[in-house]
Structure formats: C-alpha cells, structure tokens
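Visitor: So here's work_12.cif, just mmCIF, C-alpha atoms; chains and numbers go by the auth columns:
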```cif
data_data
loop_
_atom_site.group_PDB
_atom_site.id
_atom_site.type_symbol
_atom_site.label_atom_id
_atom_site.label_comp_id
_atom_site.label_asym_id
_atom_site.label_seq_id
_atom_site.Cartn_x
_atom_site.Cartn_y
_atom_site.Cartn_z
_atom_site.B_iso_or_equiv
_atom_site.auth_seq_id
_atom_site.auth_asym_id
ATOM 1 C CA HIS A 1 0.000 0.000 0.000 0.00 1 A
ATOM 2 C CA SER A 2 1.090 3.566 -0.543 0.00 2 A
ATOM 3 C CA PRO A 3 1.766 5.991 2.311 0.00 3 A
ATOM 4 C CA ALA A 4 -0.551 8.901 2.981 0.00 4 A
ATOM 5 C CA VAL A 5 0.297 12.506 3.753 0.00 5 A
ATOM 6 C CA ARG A 6 -1.955 14.696 5.891 0.00 6 A
ATOM 7 C CA ILE A 7 -2.604 18.432 5.584 0.00 7 A
ATOM 8 C CA ILE A 8 -2.241 19.722 9.160 0.00 8 A
ATOM 9 C CA GLY A 9 -3.465 23.317 9.031 0.00 9 A
ATOM 10 C CA GLY A 10 -5.663 25.874 7.346 0.00 10 A
ATOM 11 C CA SER A 11 -8.857 25.345 5.396 0.00 11 A
ATOM 12 C CA ALA A 12 -7.897 21.819 4.258 0.00 12 A
ATOM 13 C CA ALA A 13 -6.691 20.593 7.677 0.00 13 A
ATOM 14 C CA GLY A 14 -7.176 16.867 8.065 0.00 14 A
ATOM 15 C CA ARG A 15 -7.337 16.145 4.332 0.00 15 A
ATOM 16 C CA ILE A 16 -5.394 13.012 3.370 0.00 16 A
ATOM 17 C CA LEU A 17 -3.300 12.916 0.189 0.00 17 A
ATOM 18 C CA GLN A 18 -2.402 9.493 -1.200 0.00 18 A
ATOM 19 C CA VAL A 19 1.145 8.992 -2.445 0.00 19 A
ATOM 20 C CA PRO A 20 1.296 7.234 -5.840 0.00 20 A
ATOM 21 C CA VAL A 21 2.640 3.664 -5.702 0.00 21 A
ATOM 22 C CA GLY A 22 6.300 3.504 -6.657 0.00 22 A
ATOM 23 C CA LEU A 23 6.977 7.171 -5.913 0.00 23 A
ATOM 24 C CA GLU A 24 9.974 7.159 -3.592 0.00 24 A
ATOM 25 C CA VAL A 25 9.273 10.037 -1.240 0.00 25 A
ATOM 26 C CA ARG A 26 9.894 10.618 2.420 0.00 26 A
ATOM 27 C CA PRO A 27 7.044 12.822 3.595 0.00 27 A
ATOM 28 C CA MET A 28 7.924 15.625 6.005 0.00 28 A
ATOM 29 C CA PRO A 29 6.828 14.662 9.541 0.00 29 A
ATOM 30 C CA ASP A 30 3.895 16.659 10.976 0.00 30 A
ATOM 31 C CA LYS A 31 6.113 17.990 13.766 0.00 31 A
ATOM 32 C CA VAL A 32 8.537 19.494 11.227 0.00 32 A
ATOM 33 C CA LYS A 33 5.701 20.945 9.106 0.00 33 A
ATOM 34 C CA LEU A 34 4.206 22.535 12.205 0.00 34 A
ATOM 35 C CA ALA A 35 7.541 24.171 13.084 0.00 35 A
ATOM 36 C CA VAL A 36 8.032 25.464 9.520 0.00 36 A
ATOM 37 C CA PHE A 37 4.549 26.930 9.216 0.00 37 A
ATOM 38 C CA ASN A 38 4.606 28.400 12.724 0.00 38 A
ATOM 39 C CA SER A 39 7.793 30.256 11.828 0.00 39 A
ATOM 40 C CA LEU A 40 6.290 31.541 8.553 0.00 40 A
ATOM 41 C CA GLY A 41 3.195 32.874 10.312 0.00 41 A
ATOM 42 C CA ASP A 42 1.174 35.310 8.196 0.00 42 A
ATOM 43 C CA PHE A 43 3.920 35.542 5.567 0.00 43 A
ATOM 44 C CA LEU A 44 2.026 32.959 3.471 0.00 44 A
ATOM 45 C CA LEU A 45 -1.136 35.043 3.163 0.00 45 A
ATOM 46 C CA ASP A 46 -1.583 35.869 -0.541 0.00 46 A
ATOM 47 C CA ALA A 47 1.966 34.611 -1.278 0.00 47 A
ATOM 48 C CA ARG A 48 3.224 33.035 -4.473 0.00 48 A
ATOM 49 C CA VAL A 49 5.117 29.851 -3.513 0.00 49 A
ATOM 50 C CA LEU A 50 7.690 27.777 -5.418 0.00 50 A
ATOM 51 C CA ASP A 51 7.894 24.170 -4.178 0.00 51 A
ATOM 52 C CA LEU A 52 11.033 22.604 -5.683 0.00 52 A
ATOM 53 C CA PHE A 53 11.562 18.858 -5.303 0.00 53 A
ATOM 54 C CA ALA A 54 7.832 18.737 -4.579 0.00 54 A
ATOM 55 C CA GLY A 55 7.380 14.971 -4.321 0.00 55 A
ATOM 56 C CA THR A 56 3.691 14.521 -3.509 0.00 56 A
ATOM 57 C CA GLY A 57 3.013 18.257 -3.651 0.00 57 A
ATOM 58 C CA ALA A 58 1.797 18.151 -0.051 0.00 58 A
ATOM 59 C CA LEU A 59 3.898 21.108 1.063 0.00 59 A
ATOM 60 C CA GLY A 60 2.398 23.280 -1.679 0.00 60 A
ATOM 61 C CA GLN A 61 -1.096 22.077 -0.771 0.00 61 A
ATOM 62 C CA GLU A 62 -0.361 22.996 2.833 0.00 62 A
ATOM 63 C CA CYS A 63 0.620 26.510 1.687 0.00 63 A
ATOM 64 C CA LEU A 64 -2.621 26.902 -0.275 0.00 64 A
ATOM 65 C CA SER A 65 -4.585 25.666 2.721 0.00 65 A
ATOM 66 C CA ARG A 66 -2.935 28.388 4.815 0.00 66 A
ATOM 67 C CA GLY A 67 -3.708 31.257 2.449 0.00 67 A
ATOM 68 C CA ALA A 68 -1.123 31.248 -0.348 0.00 68 A
ATOM 69 C CA ARG A 69 -2.465 32.699 -3.594 0.00 69 A
ATOM 70 C CA GLN A 70 -0.500 30.455 -5.965 0.00 70 A
ATOM 71 C CA VAL A 71 1.849 27.448 -5.818 0.00 71 A
ATOM 72 C CA LEU A 72 4.152 26.135 -8.513 0.00 72 A
ATOM 73 C CA SER A 73 5.308 22.592 -7.671 0.00 73 A
ATOM 74 C CA VAL A 74 8.284 21.143 -9.551 0.00 74 A
ATOM 75 C CA GLU A 75 9.371 17.495 -9.447 0.00 75 A
ATOM 76 C CA LYS A 76 11.566 15.524 -11.862 0.00 76 A
#
```
What would the structure in this file look like if it were written as structure tokens?

Guide:
Amino acid sequence: HSPAVRIIGGSAAGRILQVPVGLEVRPMPDKVKLAVFNSLGDFLLDARVLDLFAGTGALGQECLSRGARQVLSVEK
C-alpha cells in the first residue's frame, strides 16, 4: 500500500493525500511541518510559492490551505 500525507493546518486541515505507488518520497513529519509553518506565520497570506523537489506536492497544498495565492510545484 502507498503511504498517505496529511494536511495539518488551514482550510484543508485533516485532508489526506495518497502517495502514488512507486513514488519514492519521504514525507515531512507533521512535527517538522508545524515548526516550519509556525515560523512563517502570516507571511504565506496571498503569497506566491515555489515548491522545488515537490514529491507529492503536499507542502504546496499545505501553503494553499494556509492562504497562499499560488503554488508552482516542480518534481523531476
């Protein structure tokens, strides 16, 4: 089975994203995400975000959930 990634904050909090089978990613632990987004605070509101090495795209989805205006996710 494939691992799942959870959105932890904002309007999509609790939403589960499925990781495609065969995609070798190591999702960021919730504790680390919480620390990152706590330090960013309101900086994300209406921001344009670039998510390089996006993997599942969960970090970009987390940004959108927390008020970012636009996310560009780039993976291989």

Visitor: Could you state the separation of CA of Leu17 (chain A) and CA of Val5 (chain A) in Å, given to one decimal place?

Guide: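 A separation of 5.1 Å between them.
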
Visitor: Could you give me, as a VMD selection string, the residues that have an atom at most 9 Å away from the point (-1.9, 31.1, -1.6) in the coordinates of the file, using only C-alpha atoms?

Guide: chain A and resid 44 to 49 60 63 to 71

Visitor: Hey, what's within 10 Å of Gly57 (chain A) if we count all atoms listed in the file and toss same-chain stuff fewer than 5 positions away? As a list in words, please?

Guide: Val5, Leu17, Val19, Pro27, Asp51, Leu52, Glu62, Val71, Leu72, Ser73, Val74 and Glu75 of chain A

Visitor: Would you mind reading off the distance between CA of Ile16 (chain A) and CA of Ala4 (chain A), one decimal, in Å?

Guide: 6.4 Å

Visitor: Which of these, A:Ala35, A:Gly41, A:Gln61, A:Phe53, has the shortest distance to Ser11 (chain A) once you count all atoms listed in the file?

Guide: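 Closest to Ser11 (chain A) of all the choices is A:Gln61.
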
Visitor: Separation of CA of Arg26 (chain A) and CA of Leu40 (chain A), in Å?

Guide: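 A separation of 22.1 Å between them.
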
Visitor: Using all atoms of region 8-24 of chain A that appear in the file, construct an axis-aligned enclosing box with 4 Å of padding on every side and provide its centre coordinates and edge lengths in Å, rounded to one decimal, as JSON.

Guide:
```
{"center_x": 0.6, "center_y": 14.7, "center_z": 1.3, "size_x": 26.8, "size_y": 30.4, "size_z": 23.8}
```

Visitor: Would you output region 37-65 of chain A from that structure, restricted to N, CA and C atoms, as a JSON list (two decimals), in the first residue's frame?

Guide:
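result32.json, written as the output of this step:
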```
[["chain", "number", "residue", "atom", "x", "y", "z"],
["A", 37, "PHE", "N", 5.67, 26.02, 9.44],
["A", 37, "PHE", "CA", 4.55, 26.93, 9.22],
["A", 37, "PHE", "C", 4.32, 27.88, 10.39],
["A", 38, "ASN", "N", 4.67, 27.47, 11.59],
["A", 38, "ASN", "CA", 4.61, 28.40, 12.72],
["A", 38, "ASN", "C", 5.61, 29.54, 12.55],
["A", 39, "SER", "N", 6.79, 29.22, 12.02],
["A", 39, "SER", "CA", 7.79, 30.26, 11.83],
["A", 39, "SER", "C", 7.43, 31.19, 10.67],
["A", 40, "LEU", "N", 6.70, 30.69, 9.68],
["A", 40, "LEU", "CA", 6.29, 31.54, 8.55],
["A", 40, "LEU", "C", 5.15, 32.48, 8.93],
["A", 41, "GLY", "N", 4.30, 32.04, 9.85],
["A", 41, "GLY", "CA", 3.20, 32.87, 10.31],
["A", 41, "GLY", "C", 2.33, 33.40, 9.18],
["A", 42, "ASP", "N", 2.04, 34.69, 9.19],
["A", 42, "ASP", "CA", 1.17, 35.31, 8.20],
["A", 42, "ASP", "C", 1.88, 35.61, 6.88],
["A", 43, "PHE", "N", 3.15, 35.28, 6.78],
["A", 43, "PHE", "CA", 3.92, 35.54, 5.57],
["A", 43, "PHE", "C", 3.31, 34.84, 4.35],
["A", 44, "LEU", "N", 2.61, 33.72, 4.57],
["A", 44, "LEU", "CA", 2.03, 32.96, 3.47],
["A", 44, "LEU", "C", 0.77, 33.59, 2.89],
["A", 45, "LEU", "N", 0.12, 34.46, 3.63],
["A", 45, "LEU", "CA", -1.14, 35.04, 3.16],
["A", 45, "LEU", "C", -0.93, 35.77, 1.84],
["A", 46, "ASP", "N", -1.62, 35.30, 0.81],
["A", 46, "ASP", "CA", -1.58, 35.87, -0.54],
["A", 46, "ASP", "C", -0.21, 35.72, -1.22],
["A", 47, "ALA", "N", 0.62, 34.81, -0.72],
["A", 47, "ALA", "CA", 1.97, 34.61, -1.28],
["A", 47, "ALA", "C", 1.93, 33.76, -2.55],
["A", 48, "ARG", "N", 2.96, 33.93, -3.35],
["A", 48, "ARG", "CA", 3.22, 33.03, -4.47],
["A", 48, "ARG", "C", 4.38, 32.14, -4.03],
["A", 49, "VAL", "N", 4.18, 30.81, -4.09],
["A", 49, "VAL", "CA", 5.12, 29.85, -3.51],
["A", 49, "VAL", "C", 5.70, 28.96, -4.61],
["A", 50, "LEU", "N", 7.00, 28.72, -4.54],
["A", 50, "LEU", "CA", 7.69, 27.78, -5.42],
["A", 50, "LEU", "C", 8.10, 26.58, -4.57],
["A", 51, "ASP", "N", 7.59, 25.41, -4.91],
["A", 51, "ASP", "CA", 7.89, 24.17, -4.18],
["A", 51, "ASP", "C", 8.77, 23.30, -5.07],
["A", 52, "LEU", "N", 10.10, 23.42, -4.91],
["A", 52, "LEU", "CA", 11.03, 22.60, -5.68],
["A", 52, "LEU", "C", 11.21, 21.25, -5.02],
["A", 53, "PHE", "N", 11.46, 20.23, -5.80],
["A", 53, "PHE", "CA", 11.56, 18.86, -5.30],
["A", 53, "PHE", "C", 10.27, 18.52, -4.56],
["A", 54, "ALA", "N", 9.15, 18.76, -5.22],
["A", 54, "ALA", "CA", 7.83, 18.74, -4.58],
["A", 54, "ALA", "C", 7.36, 17.36, -4.13],
["A", 55, "GLY", "N", 7.86, 16.30, -4.72],
["A", 55, "GLY", "CA", 7.38, 14.97, -4.32],
["A", 55, "GLY", "C", 5.88, 14.85, -4.51],
["A", 56, "THR", "N", 5.15, 14.68, -3.44],
["A", 56, "THR", "CA", 3.69, 14.52, -3.51],
["A", 56, "THR", "C", 2.97, 15.84, -3.75],
["A", 57, "GLY", "N", 3.66, 16.95, -3.54],
["A", 57, "GLY", "CA", 3.01, 18.26, -3.65],
["A", 57, "GLY", "C", 2.32, 18.68, -2.37],
["A", 58, "ALA", "N", 2.49, 17.89, -1.32],
["A", 58, "ALA", "CA", 1.80, 18.15, -0.05],
["A", 58, "ALA", "C", 2.20, 19.48, 0.58],
["A", 59, "LEU", "N", 3.47, 19.85, 0.46],
["A", 59, "LEU", "CA", 3.90, 21.11, 1.06],
["A", 59, "LEU", "C", 3.22, 22.30, 0.37],
["A", 60, "GLY", "N", 3.11, 22.23, -0.94],
["A", 60, "GLY", "CA", 2.40, 23.28, -1.68],
["A", 60, "GLY", "C", 0.92, 23.32, -1.33],
["A", 61, "GLN", "N", 0.31, 22.14, -1.17],
["A", 61, "GLN", "CA", -1.10, 22.08, -0.77],
["A", 61, "GLN", "C", -1.29, 22.67, 0.62],
["A", 62, "GLU", "N", -0.32, 22.43, 1.48],
["A", 62, "GLU", "CA", -0.36, 23.00, 2.83],
["A", 62, "GLU", "C", -0.30, 24.53, 2.76],
["A", 63, "CYS", "N", 0.53, 25.06, 1.87],
["A", 63, "CYS", "CA", 0.62, 26.51, 1.69],
["A", 63, "CYS", "C", -0.71, 27.09, 1.20],
["A", 64, "LEU", "N", -1.32, 26.43, 0.22],
["A", 64, "LEU", "CA", -2.62, 26.90, -0.27],
["A", 64, "LEU", "C", -3.67, 26.87, 0.83],
["A", 65, "SER", "N", -3.64, 25.81, 1.62],
["A", 65, "SER", "CA", -4.58, 25.67, 2.72],
["A", 65, "SER", "C", -4.44, 26.80, 3.73]]
```
